[in-house]
4 protein chains.
Amino acid sequence: MRVGVFGASGYTGLELLRLLLQHPEFEIVAVTSEQRAGQPVGEAFPALRGRLDLAFEPARPEHIAERLDLAFTALPHAASAPTVAALRRAGVRVADLSADFRLRDLPLYEQWYGTHAAPELVGKAVYGLPELYRDALAGADLAAVPGCYPTSALLPLVPFLREGLVETSGIVVDAKSGVSGAGRSLDARYLFAELDANAHAYKVGAHRHGPEMEQEASLAAGEAVRLTFVPQLIPTTRGILASVYCRPTRALSAEAAQTVLEAAWGAERFVRVLPQGEMPSLQSVRGSNFCDVGVVLDERNGTLVLLAAIDNLVKGASGQALQCANLMAGHPEETGLLGGAQLP
Amino acid sequence: MRVGVFGASGYTGLELLRLLLQHPEFEIVAVTSEQRAGQPVGEAFPALRGRLDLAFEPARPEHIAERLDLAFTALPHAASAPTVAALRRAGVRVADLSADFRLRDLPLYEQWYGTHAAPELVGKAVYGLPELYRDALAGADLAAVPGCYPTSALLPLVPFLREGLVETSGIVVDAKSGVSGAGRSLDARYLFAELDANAHAYKVGAHRHGPEMEQEASLAAGEAVRLTFVPQLIPTTRGILASVYCRPTRALSAEAAQTVLEAAWGAERFVRVLPQGEMPSLQSVRGSNFCDVGVVLDERNGTLVLLAAIDNLVKGASGQALQCANLMAGHPEETGLLGGAQLP
Amino acid sequence: MRVGVFGASGYTGLELLRLLLQHPEFEIVAVTSEQRAGQPVGEAFPALRGRLDLAFEPARPEHIAERLDLAFTALPHAASAPTVAALRRAGVRVADLSADFRLRDLPLYEQWYGTHAAPELVGKAVYGLPELYRDALAGADLAAVPGCYPTSALLPLVPFLREGLVETSGIVVDAKSGVSGAGRSLDARYLFAELDANAHAYKVGAHRHGPEMEQEASLAAGEAVRLTFVPQLIPTTRGILASVYCRPTRALSAEAAQTVLEAAWGAERFVRVLPQGEMPSLQSVRGSNFCDVGVVLDERNGTLVLLAAIDNLVKGASGQALQCANLMAGHPEETGLLGGAQLP
Amino acid sequence: MRVGVFGASGYTGLELLRLLLQHPEFEIVAVTSEQRAGQPVGEAFPALRGRLDLAFEPARPEHIAERLDLAFTALPHAASAPTVAALRRAGVRVADLSADFRLRDLPLYEQWYGTHAAPELVGKAVYGLPELYRDALAGADLAAVPGCYPTSALLPLVPFLREGLVETSGIVVDAKSGVSGAGRSLDARYLFAELDANAHAYKVGAHRHGPEMEQEASLAAGEAVRLTFVPQLIPTTRGILASVYCRPTRALSAEAAQTVLEAAWGAERFVRVLPQGEMPSLQSVRGSNFCDVGVVLDERNGTLVLLAAIDNLVKGASGQALQCANLMAGHPEETGLLGGAQLP
């Protein structure tokens with residue numbers, strides 16, 4: 001199958017290239033970048049020298065569509081919607097990594113992101129978390145690949161919400177992220193000298209991934225879920241370590257909590273439920289599509305602590321997009337995704 | 001005044017030396033280290049070459065006491081108690097950086113740390129958080145300098161507990177720490193290759209600083225406080241970034257929450273209350289004795305988010321010990337402590 | 001083909017597992033570790049959970065040999081030699097990652113490493129740098145996989161020595177390495193807190209990789225080569241950045257120097273000659289088997305600057321071992337080795 | 001004495017503020033920043049909250065001069081010259097941290113930096129390396145504070161050049177620098193995600209600090225010195241580790257080489273000659289004004305290896321500027337500069 005990557009020079013775009021180059025079924029036939037249009041990929045990114053014999057081209061979906069069976073759009077929100085719409089009009093299946101089709105509620109989208117350029121497609125995309133929407137993704141035309149933070153929070157939390165085991169308000173998601181989640185933004189906060197040996201929260205209770213988490217958490221719970229999302233930057237490039245704090249609705253033992261996770265995800269290829277006492281770590285998932293999850297119950301204080309670790313560029317973006325694309329294209333879900341973490 | 005540092009070759013000991021070398025009133029006359037006994041300080045630590053003309057000696061408090069007006073004990077817990085006891089018997093005032101005299105309840109101490117070697121002194125030390133116990137520290141003979149995590153959690157939390165503004169159960173302390181808090185332990189988890197680009201929780205709900213936090217939080221609240229303490233390692237050397245999650249007992253506005261912090265700490269030299277919307281960061285406090293605190297209220301979800309940043313080796317250990325020693329010796333509290341953070 | 005990894009719990013052993021798990025022709029059937037004998041791999045290393053269904057076993061080559069077609073020995077020097085000898089006696093082909101068979105001169109080996117446990121095999125191994133010894137490796141029984149530093153220095157330097165274009169004395173190899181090159185050694189110098197934000201030289205002119213470089217450089221030059229090797233630790237986990245300084249024996253233009261590299265390595269899959277003005281970087285090779293090389297001529301000062309970057313655990317160890325094993329087994333050299341660098 | 005800092009919001013400016021706030025004789029009365037004009041210092045930089053009660057003002061030397069006894073100019077090259085000229089016209093003494101007055105040869109300056117805005121002052125500044133120009137700095141009106149790289153290369157090299165002990169051509173300066181040397185430039189190369197775990201050379205043989213090194217090296221040698229300067233970025237914020245490679249002009253023992261350094265710098269407060277076998281490290285000098293130097297002789301290969309470590313923002317910029325200012329103002333040279341390195 002011939003695939004194209006729109007926005008291929010950003011961090012998630014480059015990660016798609018890395019993964020696609022090892023995929024036995026997808027062939028990269030087009031890569032776009034406005035800034036680098038005309039430049040050979042290997043010249044722009046020496047790491048790809050000798051690996052991919054293509055040049056970046058401008059993102060003209062109308063011209064590129066005919067060459068493609070499937071497209072990955074790794075463009076900024078708002079910029080993505082019209083490109084996706086054009087690709088869909090041309091009949092190309094799309095795994096969209098932007099936020100443009102994640103929220104099902106148009107007014108909510110516009111409150112957080114501004115005017116939507118393709119409102120007709122809102123609600124038609126499948127939320128691209130295969131562990132939740134596998135059946136719908138099989139054969140879907142448009143996947144809205146989740147945000148990195150929502151992926152890290154939903155995988156440990158949803159099993160408890162589904163069973164009504166935790167209260168649907170008062171939930172706290174405290175997530176620590178590497179800086180690649182911000183993309184290659186030329187912002188002083190992301191300079192090495194500013195972030196090295198540093199750490200700080202940002203957009204507390206005001207990050208756009210909050211409503212996305214609440215949407216999916218509410219769907220899982222069958223009622224409105226309220227959570228406080230506290231994103232934090234830590235001095236690393238890749239990875240999200242999420243701690244989710246919630247309160248059991250009824251007496252729950254540590255073993256029962258463990259069983260909830262194992263029952264939900266035991267058969268999943270990319271979610272690993274760690275045994276009691278073992279903690280997810282960024283290193284164990286870096287570069288891989290795994291999400292490691294664990295649970296600790298503080299009975300004394302009535303608090304359930306859910307922990308998760310992902311690589312934000314893989315399971316939090318490009319790996320998950322590829323997992324969706326595999327499902328959309330009818331390939332085994334794990335195709336091209338079994339490369340493991342680098343240790344150390 | 002002549003001071004000695006027991007356990008001077010560990011990280012908190014070395015940080016004491018750095019700070020004491022800039023202190024106008026304290027003169028370092030003795031430094032101890034079992035491993036490095038006999039070795040000149042500048043030979044063992046090239047950074048101190050040409051800065052301190054002393055050799056390490058074994059930690060024999062009986063022999064050293066007569067040379068000292070005041071001692072800092074930066075020894076491991078259990079090892080500290082008998083040294084402190086000997087120094088006190090010799091009439092030397094002590095700022096103890098170990099955990100041995102922080103808990104007022106001997107059985108609680110022994111549950112978490114094992115047999116106490118100087119039980120007669122338990123409960124006689126003043127908890128060395130000057131912002132809470134300034135009057136008692138003035139003229140005290142023995143200060144139990146707080147743990148790094150408790151310092152970072154108590155300074156933002158205590159003002160709300162004192163006023164009964166937050167519930168005393170269900171509190172979560174999610175704290176991210178640099179690895180120097182573990183000392184120079186030869187443990188594979190602390191190797192550069194294992195921690196670089198890594199992050200993980202550890203001892204969730206089972207860290208020794210938990211009961212210490214609860215002791216002081218309960219004293220502030222006037223009733224038993226329950227909290228879930230989740231320590232996490234992040235890939236940096238210095239600093240603790242703490243997020244404390246709690247629930248208001250009654251309607252509280254963001255402005256009112258801000259006012260609580262400002263009323264409590266506005267006159268403090270080393271606690272800086274950040275304006276609404278500004279987040280504490282490790283970089284702003286690194287190398288300094290400041291604790292930066294901030295507050296965000298998530299009214300939708302009924303959650304109060306308290307944030308704090310300290311340098312674990314300064315306000316979380318050696319700087320705070322010096323702040324205590326200043327009070328104990330009758331010097332202005334900030335003497336020798338106004339060196340600011342390195343930027344970047 | 002059934003392969004085993006001896007010393008599979010160290011950094012190069014784990015990297016072999018990562019690479020072998022993506023190799024279509026090699027099946028891992030045995031992994032050894034003295035310390036972790038009996039422990040399932042995924043329990044010891046959560047990153048490998050769900051990836052490799054084996055337990056570590058003690059390194060008994062006599063018992064394991066019959067299960068293997070080929071073995072990778074990733075043991076410390078001295079410990080490796082007897083294991084390799086036993087495997088060879090049992091007819092198993094071996095790619096040895098230790099230093100035990102790299103030096104052809106037994107007295108030189110014993111001067112640097114101590115008594116050799118299998119002197120009868122010294123000089124019988126093929127030096128496992130495929131770019132230099134491809135033909136000999138095809139079908140070889142024993143490959144001595146080069147040290148990480150020699151790989152980084154030889155690839156840029158050998159083409160100039162072969163043609164007599166640079167002086168054979170006065171050469172300087174200034175190499176900066178990530179700390180994983182030291183393995184998981186519990187040495188205080190390798191603690192995160194000691195190496196973070198730090199950098200320093202070590203064993204200047206006295207590192208064991210010096211004689212290894214000189215051996216191969218001399219063979220390339222056809223005369224004795226003298227070089228000063230200055231290894232340095234920099235605060236990163238993976239990668240070696242080598243700068244080699246030498247003096248042209250006759251007038252040489254920048255273009256001619258560039259041509260020398262391109263003529264030597266233009267057809268190589270894993271050596272990328274960067275265009276004039278582009279500098280090798282660790283990021284471009286991290287996680288991959290590439291060695292990027294570049295050259296700058298300072299005509300004013302009569303100095304040729306050769307630059308190279310590798311991932312010390314891949315092209316500097318496990319990737320190169322796999323490249324050798326592919327040749328030894330008759331597989332295309334690049335099999336299982338085309339995974340590219342992670343960006344960022 | 002009243003001092004002002006022009007360009008106080010950059011990294012060297014902020015480091016001047018940190019150091020000046022601990023200086024007993026200098027009072028900061030003016031700080032300038034075009035971008036942040038009008039903003040209180042503590043608002044722009046939370047680390048300085050509660051430490052300095054001033055607001056940034058635009059850099060109008062004519063208006064500010066009357067308030068000052070001495071000025072530090074930490075502006076970009078070319079922007080600095082006219083400011084310095086205006087301050088000098090107003091009779092204010094200046095320690096200039098830019099490159100504008102370092103080169104004594106106007107055409108050489110203009111070849112590397114472009115048109116000079118105050119050519120009349122070129123050659124009138126004293127090169128601000130107190131270890132070389134102490135007498136001239138005492139009472140000087142204008143000091144040209146050296147570049148960070150030249151400081152790190154000259155201190156180990158000059159003693160050998162002065163005595164004619166090393167050849168004046170073929171010298172190589174291989175220097176590894178933290179990224180703060182580039183200032184707070186919004187350049188993608190300096191983003192955390194691009195530099196973390198990365199390292200690469202840049203401007204090999206073409207960096208502006210090369211001619212500056214050659215100027216001072218030639219003055220020391222009494223003849224033209226040629227060197228190849230190879231700057232490299234390593235993933236840290238502060239520090240330069242320099243290796244200087246040169247060839248003895250005559251037989252030299254390791255002891256004799258050691259003696260050369262000790263004779264030259266033994267009496268210096270801020271240059272520490274390490275004993276044979278001990279290597280300078282960034283950690284030992286970070287945050288301090290020390291330059292640690294060491295020497296290793298490779299007799300076999302006829303190569304002298306000189307090593308040096310500095311904090312580029314202290315001894316490589318702001319600390320050195322303060323050392324100059326102390327001399328210019330008649331204060332003891334070390335005033336306010338004895339704060340040591342943070343360990344770890």
# chains A, B, ... in the order shown; residues from 1 in each chain; ligands from 1

$ calpha_fit_rmsd --fixed "chain D" --moving "chain B"
0.0 Å

$ residues_around --residues "segment 107-123 of chain B" --least-positions-apart "4" --cutoff "9 Å" --atoms "only C-alpha atoms" --output "list in words"
His77, Ala78, Ala79, Ser80, Ala81, Pro82, Val84, Ala85, Ala99, Asp100, Phe101, Arg102, Leu103, His207, Arg208 and Pro211 of chain B

$ write_last_selection --atoms "all heavy atoms" --output "CSV table (one decimal), in the first residue's frame"
chain,number,residue,atom,x,y,z
B,77,HIS,N,20.2,8.0,58.7
B,77,HIS,CA,19.4,7.8,59.9
B,77,HIS,C,19.9,6.6,60.6
B,77,HIS,O,20.7,5.8,60.0
B,77,HIS,CB,17.9,7.6,59.5
B,77,HIS,CG,17.6,6.3,58.8
B,77,HIS,ND1,17.4,5.1,59.4
B,77,HIS,CD2,17.6,6.1,57.5
B,77,HIS,CE1,17.2,4.2,58.5
B,77,HIS,NE2,17.4,4.7,57.3
B,78,ALA,N,19.7,6.5,61.9
B,78,ALA,CA,20.2,5.5,62.8
B,78,ALA,C,21.7,5.7,63.1
B,78,ALA,O,22.0,5.7,64.3
B,78,ALA,CB,20.1,4.0,62.2
B,79,ALA,N,22.5,6.1,62.1
B,79,ALA,CA,23.9,6.4,62.5
B,79,ALA,C,23.9,7.8,63.1
B,79,ALA,O,24.9,8.2,63.8
B,79,ALA,CB,24.7,6.4,61.2
B,80,SER,N,22.9,8.6,62.8
B,80,SER,CA,23.0,10.0,63.4
B,80,SER,C,22.7,10.0,64.8
B,80,SER,O,23.3,10.8,65.6
B,80,SER,CB,22.0,10.8,62.6
B,80,SER,OG,22.2,12.2,62.8
B,81,ALA,N,21.7,9.3,65.3
B,81,ALA,CA,21.2,9.4,66.7
B,81,ALA,C,22.3,9.4,67.7
B,81,ALA,O,22.4,10.3,68.6
B,81,ALA,CB,20.1,8.4,66.9
B,82,PRO,N,23.2,8.3,67.7
B,82,PRO,CA,24.2,8.3,68.8
B,82,PRO,C,25.2,9.5,68.6
B,82,PRO,O,25.7,9.9,69.7
B,82,PRO,CB,24.9,6.9,68.5
B,82,PRO,CG,24.5,6.5,67.2
B,82,PRO,CD,23.2,7.1,66.8
B,84,VAL,N,24.5,12.5,67.5
B,84,VAL,CA,23.8,13.6,68.1
B,84,VAL,C,23.8,13.6,69.6
B,84,VAL,O,24.0,14.6,70.3
B,84,VAL,CB,22.4,13.7,67.5
B,84,VAL,CG1,21.5,14.8,68.2
B,84,VAL,CG2,22.4,14.0,66.0
B,85,ALA,N,23.5,12.4,70.1
B,85,ALA,CA,23.4,12.3,71.6
B,85,ALA,C,24.8,12.6,72.2
B,85,ALA,O,24.8,13.4,73.2
B,85,ALA,CB,23.0,10.8,71.9
B,99,ALA,N,16.8,11.7,59.7
B,99,ALA,CA,15.4,11.6,60.0
B,99,ALA,C,15.2,11.2,61.5
B,99,ALA,O,14.1,11.1,62.0
B,99,ALA,CB,14.8,10.4,59.2
B,100,ASP,N,16.3,11.1,62.3
B,100,ASP,CA,16.2,10.5,63.6
B,100,ASP,C,15.4,11.2,64.6
B,100,ASP,O,14.9,10.6,65.6
B,100,ASP,CB,17.6,10.2,64.1
B,100,ASP,CG,18.2,9.0,63.5
B,100,ASP,OD1,17.5,8.3,62.7
B,100,ASP,OD2,19.4,8.7,63.7
B,101,PHE,N,15.3,12.6,64.4
B,101,PHE,CA,14.5,13.3,65.5
B,101,PHE,C,13.3,14.0,64.9
B,101,PHE,O,12.8,14.9,65.5
B,101,PHE,CB,15.5,14.2,66.2
B,101,PHE,CG,16.6,13.5,66.9
B,101,PHE,CD1,17.9,13.4,66.3
B,101,PHE,CD2,16.4,12.8,68.1
B,101,PHE,CE1,18.9,12.7,66.8
B,101,PHE,CE2,17.4,12.1,68.7
B,101,PHE,CZ,18.6,12.0,68.1
B,102,ARG,N,12.9,13.7,63.7
B,102,ARG,CA,11.8,14.4,63.1
B,102,ARG,C,10.5,13.9,63.6
B,102,ARG,O,9.5,14.7,63.8
B,102,ARG,CB,11.8,14.2,61.6
B,102,ARG,CG,13.0,14.8,60.9
B,102,ARG,CD,13.0,14.5,59.4
B,102,ARG,NE,14.2,14.8,58.8
B,102,ARG,CZ,14.7,14.2,57.6
B,102,ARG,NH1,13.9,13.3,57.1
B,102,ARG,NH2,15.8,14.6,57.1
B,103,LEU,N,10.3,12.6,63.8
B,103,LEU,CA,9.1,12.0,64.3
B,103,LEU,C,9.0,12.1,65.8
B,103,LEU,O,9.9,11.7,66.5
B,103,LEU,CB,8.9,10.6,63.8
B,103,LEU,CG,8.9,10.4,62.3
B,103,LEU,CD1,8.7,8.9,61.9
B,103,LEU,CD2,7.7,11.2,61.7
B,207,HIS,N,6.7,5.6,51.4
B,207,HIS,CA,7.9,6.3,51.6
B,207,HIS,C,7.9,6.8,53.0
B,207,HIS,O,6.9,7.3,53.5
B,207,HIS,CB,8.0,7.4,50.5
B,207,HIS,CG,9.4,8.0,50.5
B,207,HIS,ND1,9.8,8.9,51.4
B,207,HIS,CD2,10.4,8.0,49.6
B,207,HIS,CE1,11.1,9.3,51.1
B,207,HIS,NE2,11.4,8.8,50.0
B,208,ARG,N,9.1,6.8,53.6
B,208,ARG,CA,9.3,7.3,55.0
B,208,ARG,C,8.9,8.7,55.2
B,208,ARG,O,8.7,9.2,56.4
B,208,ARG,CB,10.7,7.1,55.4
B,208,ARG,CG,11.0,5.6,55.7
B,208,ARG,CD,12.5,5.4,55.6
B,208,ARG,NE,12.9,4.1,56.2
B,208,ARG,CZ,14.1,3.6,56.1
B,208,ARG,NH1,15.0,4.2,55.4
B,208,ARG,NH2,14.4,2.4,56.6
B,211,PRO,N,4.8,9.6,56.7
B,211,PRO,CA,4.4,9.8,58.1
B,211,PRO,C,4.9,11.2,58.6
B,211,PRO,O,4.3,11.8,59.5
B,211,PRO,CB,5.0,8.7,58.9
B,211,PRO,CG,5.9,7.9,58.0
B,211,PRO,CD,5.5,8.3,56.6

$ closest_residue --among "D:Pro248, D:Pro344, D:Gly42, D:Gly330" --to "chain C" --atoms "only C-alpha atoms"
D:Pro344

$ residues_around --residues "Gly170 of chain C" --least-positions-apart "2" --cutoff "9 Å" --atoms "only C-alpha atoms" --output "ChimeraX atom specification"
/C:167-168,172,225-228,245-247 /D:247,301-303

$ write_last_selection --atoms "N, CA and C atoms" --output "PDB file, in the first residue's frame"
ATOM      1  N   GLU C 167      50.511  11.547   7.969  1.00  0.00           N
ATOM      2  CA  GLU C 167      51.670  11.080   8.721  1.00  0.00           C
ATOM      3  C   GLU C 167      51.247  10.010   9.724  1.00  0.00           C
ATOM      4  N   THR C 168      52.139   9.077   9.937  1.00  0.00           N
ATOM      5  CA  THR C 168      51.782   7.948  10.803  1.00  0.00           C
ATOM      6  C   THR C 168      52.165   8.187  12.262  1.00  0.00           C
ATOM      7  N   VAL C 172      46.151  12.317  16.730  1.00  0.00           N
ATOM      8  CA  VAL C 172      45.406  12.438  17.982  1.00  0.00           C
ATOM      9  C   VAL C 172      43.977  11.978  17.746  1.00  0.00           C
ATOM     10  N   VAL C 225      51.934   2.815  13.279  1.00  0.00           N
ATOM     11  CA  VAL C 225      51.241   4.084  13.489  1.00  0.00           C
ATOM     12  C   VAL C 225      51.248   4.397  14.983  1.00  0.00           C
ATOM     13  N   ARG C 226      51.486   5.669  15.300  1.00  0.00           N
ATOM     14  CA  ARG C 226      51.454   6.112  16.684  1.00  0.00           C
ATOM     15  C   ARG C 226      50.314   7.112  16.840  1.00  0.00           C
ATOM     16  N   LEU C 227      49.497   6.891  17.832  1.00  0.00           N
ATOM     17  CA  LEU C 227      48.433   7.874  18.068  1.00  0.00           C
ATOM     18  C   LEU C 227      48.223   8.078  19.554  1.00  0.00           C
ATOM     19  N   THR C 228      47.745   9.264  19.875  1.00  0.00           N
ATOM     20  CA  THR C 228      47.414   9.622  21.251  1.00  0.00           C
ATOM     21  C   THR C 228      45.909   9.576  21.377  1.00  0.00           C
ATOM     22  N   TYR C 245      42.783  13.971  14.569  1.00  0.00           N
ATOM     23  CA  TYR C 245      43.637  15.040  14.035  1.00  0.00           C
ATOM     24  C   TYR C 245      44.916  14.437  13.484  1.00  0.00           C
ATOM     25  N   CYS C 246      45.214  14.776  12.236  1.00  0.00           N
ATOM     26  CA  CYS C 246      46.451  14.263  11.658  1.00  0.00           C
ATOM     27  C   CYS C 246      46.976  15.261  10.628  1.00  0.00           C
ATOM     28  N   ARG C 247      48.174  14.974  10.129  1.00  0.00           N
ATOM     29  CA  ARG C 247      48.829  15.912   9.213  1.00  0.00           C
ATOM     30  C   ARG C 247      49.038  15.284   7.847  1.00  0.00           C
TER      31      ARG C 247
ATOM     32  N   ARG D 247      52.936  20.002  20.178  1.00  0.00           N
ATOM     33  CA  ARG D 247      54.150  19.180  20.137  1.00  0.00           C
ATOM     34  C   ARG D 247      55.302  19.910  20.813  1.00  0.00           C
ATOM     35  N   ASN D 301      54.358   9.403  21.423  1.00  0.00           N
ATOM     36  CA  ASN D 301      53.823  10.011  20.202  1.00  0.00           C
ATOM     37  C   ASN D 301      54.211  11.479  20.078  1.00  0.00           C
ATOM     38  N   GLY D 302      55.034  11.978  21.010  1.00  0.00           N
ATOM     39  CA  GLY D 302      55.474  13.363  20.924  1.00  0.00           C
ATOM     40  C   GLY D 302      54.339  14.356  21.005  1.00  0.00           C
ATOM     41  N   THR D 303      53.377  14.082  21.851  1.00  0.00           N
ATOM     42  CA  THR D 303      52.209  14.962  21.938  1.00  0.00           C
ATOM     43  C   THR D 303      51.986  15.410  23.376  1.00  0.00           C
TER      44      THR D 303
END

$ residues_around --residues "Ala325 of chain D" --least-positions-apart "5" --cutoff "9 Å" --atoms "only C-alpha atoms" --output "JSON, numbers by chain"
{"D": [70, 71, 72, 93, 94, 95, 137, 138, 143, 320, 330, 331, 333]}

$ write_last_selection --atoms "all heavy atoms" --output "CSV table (one decimal), in the first residue's frame"
chain,number,residue,atom,x,y,z
D,70,LEU,N,30.6,52.4,37.0
D,70,LEU,CA,31.2,51.3,36.2
D,70,LEU,C,30.0,50.6,35.5
D,70,LEU,O,29.0,50.4,36.1
D,70,LEU,CB,32.0,50.4,37.0
D,70,LEU,CG,32.9,49.4,36.4
D,70,LEU,CD1,34.2,49.1,37.2
D,70,LEU,CD2,32.1,48.1,36.1
D,71,ALA,N,30.3,50.2,34.3
D,71,ALA,CA,29.2,49.5,33.5
D,71,ALA,C,29.8,48.1,33.0
D,71,ALA,O,30.9,48.0,32.6
D,71,ALA,CB,28.7,50.3,32.3
D,72,PHE,N,28.9,47.2,33.0
D,72,PHE,CA,29.1,45.9,32.3
D,72,PHE,C,28.3,45.9,31.1
D,72,PHE,O,27.0,46.1,31.2
D,72,PHE,CB,28.8,44.7,33.2
D,72,PHE,CG,29.6,44.6,34.5
D,72,PHE,CD1,29.2,45.2,35.6
D,72,PHE,CD2,30.8,43.9,34.5
D,72,PHE,CE1,29.9,45.1,36.8
D,72,PHE,CE2,31.5,43.8,35.6
D,72,PHE,CZ,31.1,44.4,36.8
D,93,ARG,N,33.7,53.8,33.4
D,93,ARG,CA,34.5,52.6,33.1
D,93,ARG,C,33.7,51.5,32.7
D,93,ARG,O,32.6,51.3,33.1
D,93,ARG,CB,35.3,52.3,34.4
D,93,ARG,CG,36.6,53.1,34.5
D,93,ARG,CD,37.3,52.9,35.8
D,93,ARG,NE,36.6,53.5,36.9
D,93,ARG,CZ,37.0,53.4,38.2
D,93,ARG,NH1,38.1,52.8,38.5
D,93,ARG,NH2,36.3,54.0,39.1
D,94,VAL,N,34.2,50.7,31.8
D,94,VAL,CA,33.4,49.6,31.1
D,94,VAL,C,34.2,48.3,31.1
D,94,VAL,O,35.3,48.2,30.7
D,94,VAL,CB,33.0,50.0,29.7
D,94,VAL,CG1,32.1,48.9,29.1
D,94,VAL,CG2,32.3,51.3,29.6
D,95,ALA,N,33.5,47.2,31.6
D,95,ALA,CA,33.9,45.9,31.3
D,95,ALA,C,33.0,45.3,30.3
D,95,ALA,O,31.8,45.1,30.5
D,95,ALA,CB,33.9,45.0,32.6
D,137,LEU,N,45.2,45.9,33.8
D,137,LEU,CA,43.8,46.1,34.1
D,137,LEU,C,43.6,47.0,35.4
D,137,LEU,O,42.5,47.6,35.5
D,137,LEU,CB,43.2,44.7,34.4
D,137,LEU,CG,42.9,43.8,33.2
D,137,LEU,CD1,42.7,42.4,33.5
D,137,LEU,CD2,41.7,44.4,32.4
D,138,ALA,N,44.6,47.0,36.2
D,138,ALA,CA,44.5,47.8,37.4
D,138,ALA,C,44.4,49.3,36.9
D,138,ALA,O,45.3,49.8,36.4
D,138,ALA,CB,45.7,47.6,38.3
D,143,ALA,N,37.9,47.2,29.7
D,143,ALA,CA,38.4,45.9,29.6
D,143,ALA,C,37.6,45.1,28.5
D,143,ALA,O,36.3,45.2,28.5
D,143,ALA,CB,38.3,45.2,30.9
D,320,GLN,N,34.6,36.5,35.1
D,320,GLN,CA,35.9,37.1,34.6
D,320,GLN,C,35.7,38.6,34.4
D,320,GLN,O,36.6,39.4,34.8
D,320,GLN,CB,36.3,36.5,33.3
D,320,GLN,CG,37.7,37.0,32.8
D,320,GLN,CD,38.5,35.9,32.2
D,320,GLN,OE1,39.2,35.1,32.9
D,320,GLN,NE2,38.4,35.7,30.9
D,330,GLY,N,40.0,48.8,41.9
D,330,GLY,CA,40.9,48.8,43.0
D,330,GLY,C,40.5,47.9,44.2
D,330,GLY,O,41.0,48.0,45.3
D,331,HIS,N,39.5,47.0,43.9
D,331,HIS,CA,39.1,46.0,44.9
D,331,HIS,C,40.0,44.8,44.8
D,331,HIS,O,40.5,44.5,43.8
D,331,HIS,CB,37.6,45.6,44.8
D,331,HIS,CG,36.7,46.7,44.8
D,331,HIS,ND1,36.7,47.7,45.8
D,331,HIS,CD2,35.7,47.1,44.0
D,331,HIS,CE1,35.7,48.5,45.6
D,331,HIS,NE2,35.1,48.2,44.5
D,333,GLU,N,41.0,41.4,43.9
D,333,GLU,CA,40.5,40.7,42.6
D,333,GLU,C,39.4,39.7,42.8
D,333,GLU,O,38.6,39.4,42.0
D,333,GLU,CB,41.8,40.0,42.0
D,333,GLU,CG,41.6,39.4,40.7
D,333,GLU,CD,42.9,38.9,40.2
D,333,GLU,OE1,44.0,39.4,40.6
D,333,GLU,OE2,42.9,38.0,39.3

$ closest_residue --among "C:Ala197, C:Leu191, C:Ala221, C:Met213" --to "chain A" --atoms "only C-alpha atoms"
C:Ala197

$ select_by_dssp --residues "segment 71-288 of chain C" --states "strand (DSSP E or B)" --output "number ranges by chain"
C: 71-73, 93-96, 126-127, 142-144, 166, 171-177, 191, 200-201, 227-233, 240-246, 248, 271-273, 281

$ interface_residues --of "chain C" --to "chain D" --cutoff "9 Å" --atoms "only C-alpha atoms" --output "number ranges by chain"
C: 169-172, 174, 176, 178, 193-205, 226-228, 230, 234-241, 243, 245, 247, 277-284, 286, 296-298, 300-303, 305, 307, 309, 343-344

$ atom_distance --atom1 "atom CA of Asn289 of chain D" --atom2 "atom CA of Gly319 of chain D"
5.6 Å

$ select_by_dssp --residues "segment 241-322 of chain A" --states "alpha helix (DSSP H)" --output "list in words"
Ala254, Glu255, Ala256, Ala257, Gln258, Thr259, Val260, Leu261, Glu262, Ala263, Ala264, Trp265, Leu282, Gln283, Ser284, Val285, Gly319, Gln320, Ala321 and Leu322 of chain A

$ atom_distance --atom1 "atom CA of Glu27 of chain B" --atom2 "atom CA of Met1 of chain D"
28.7 Å
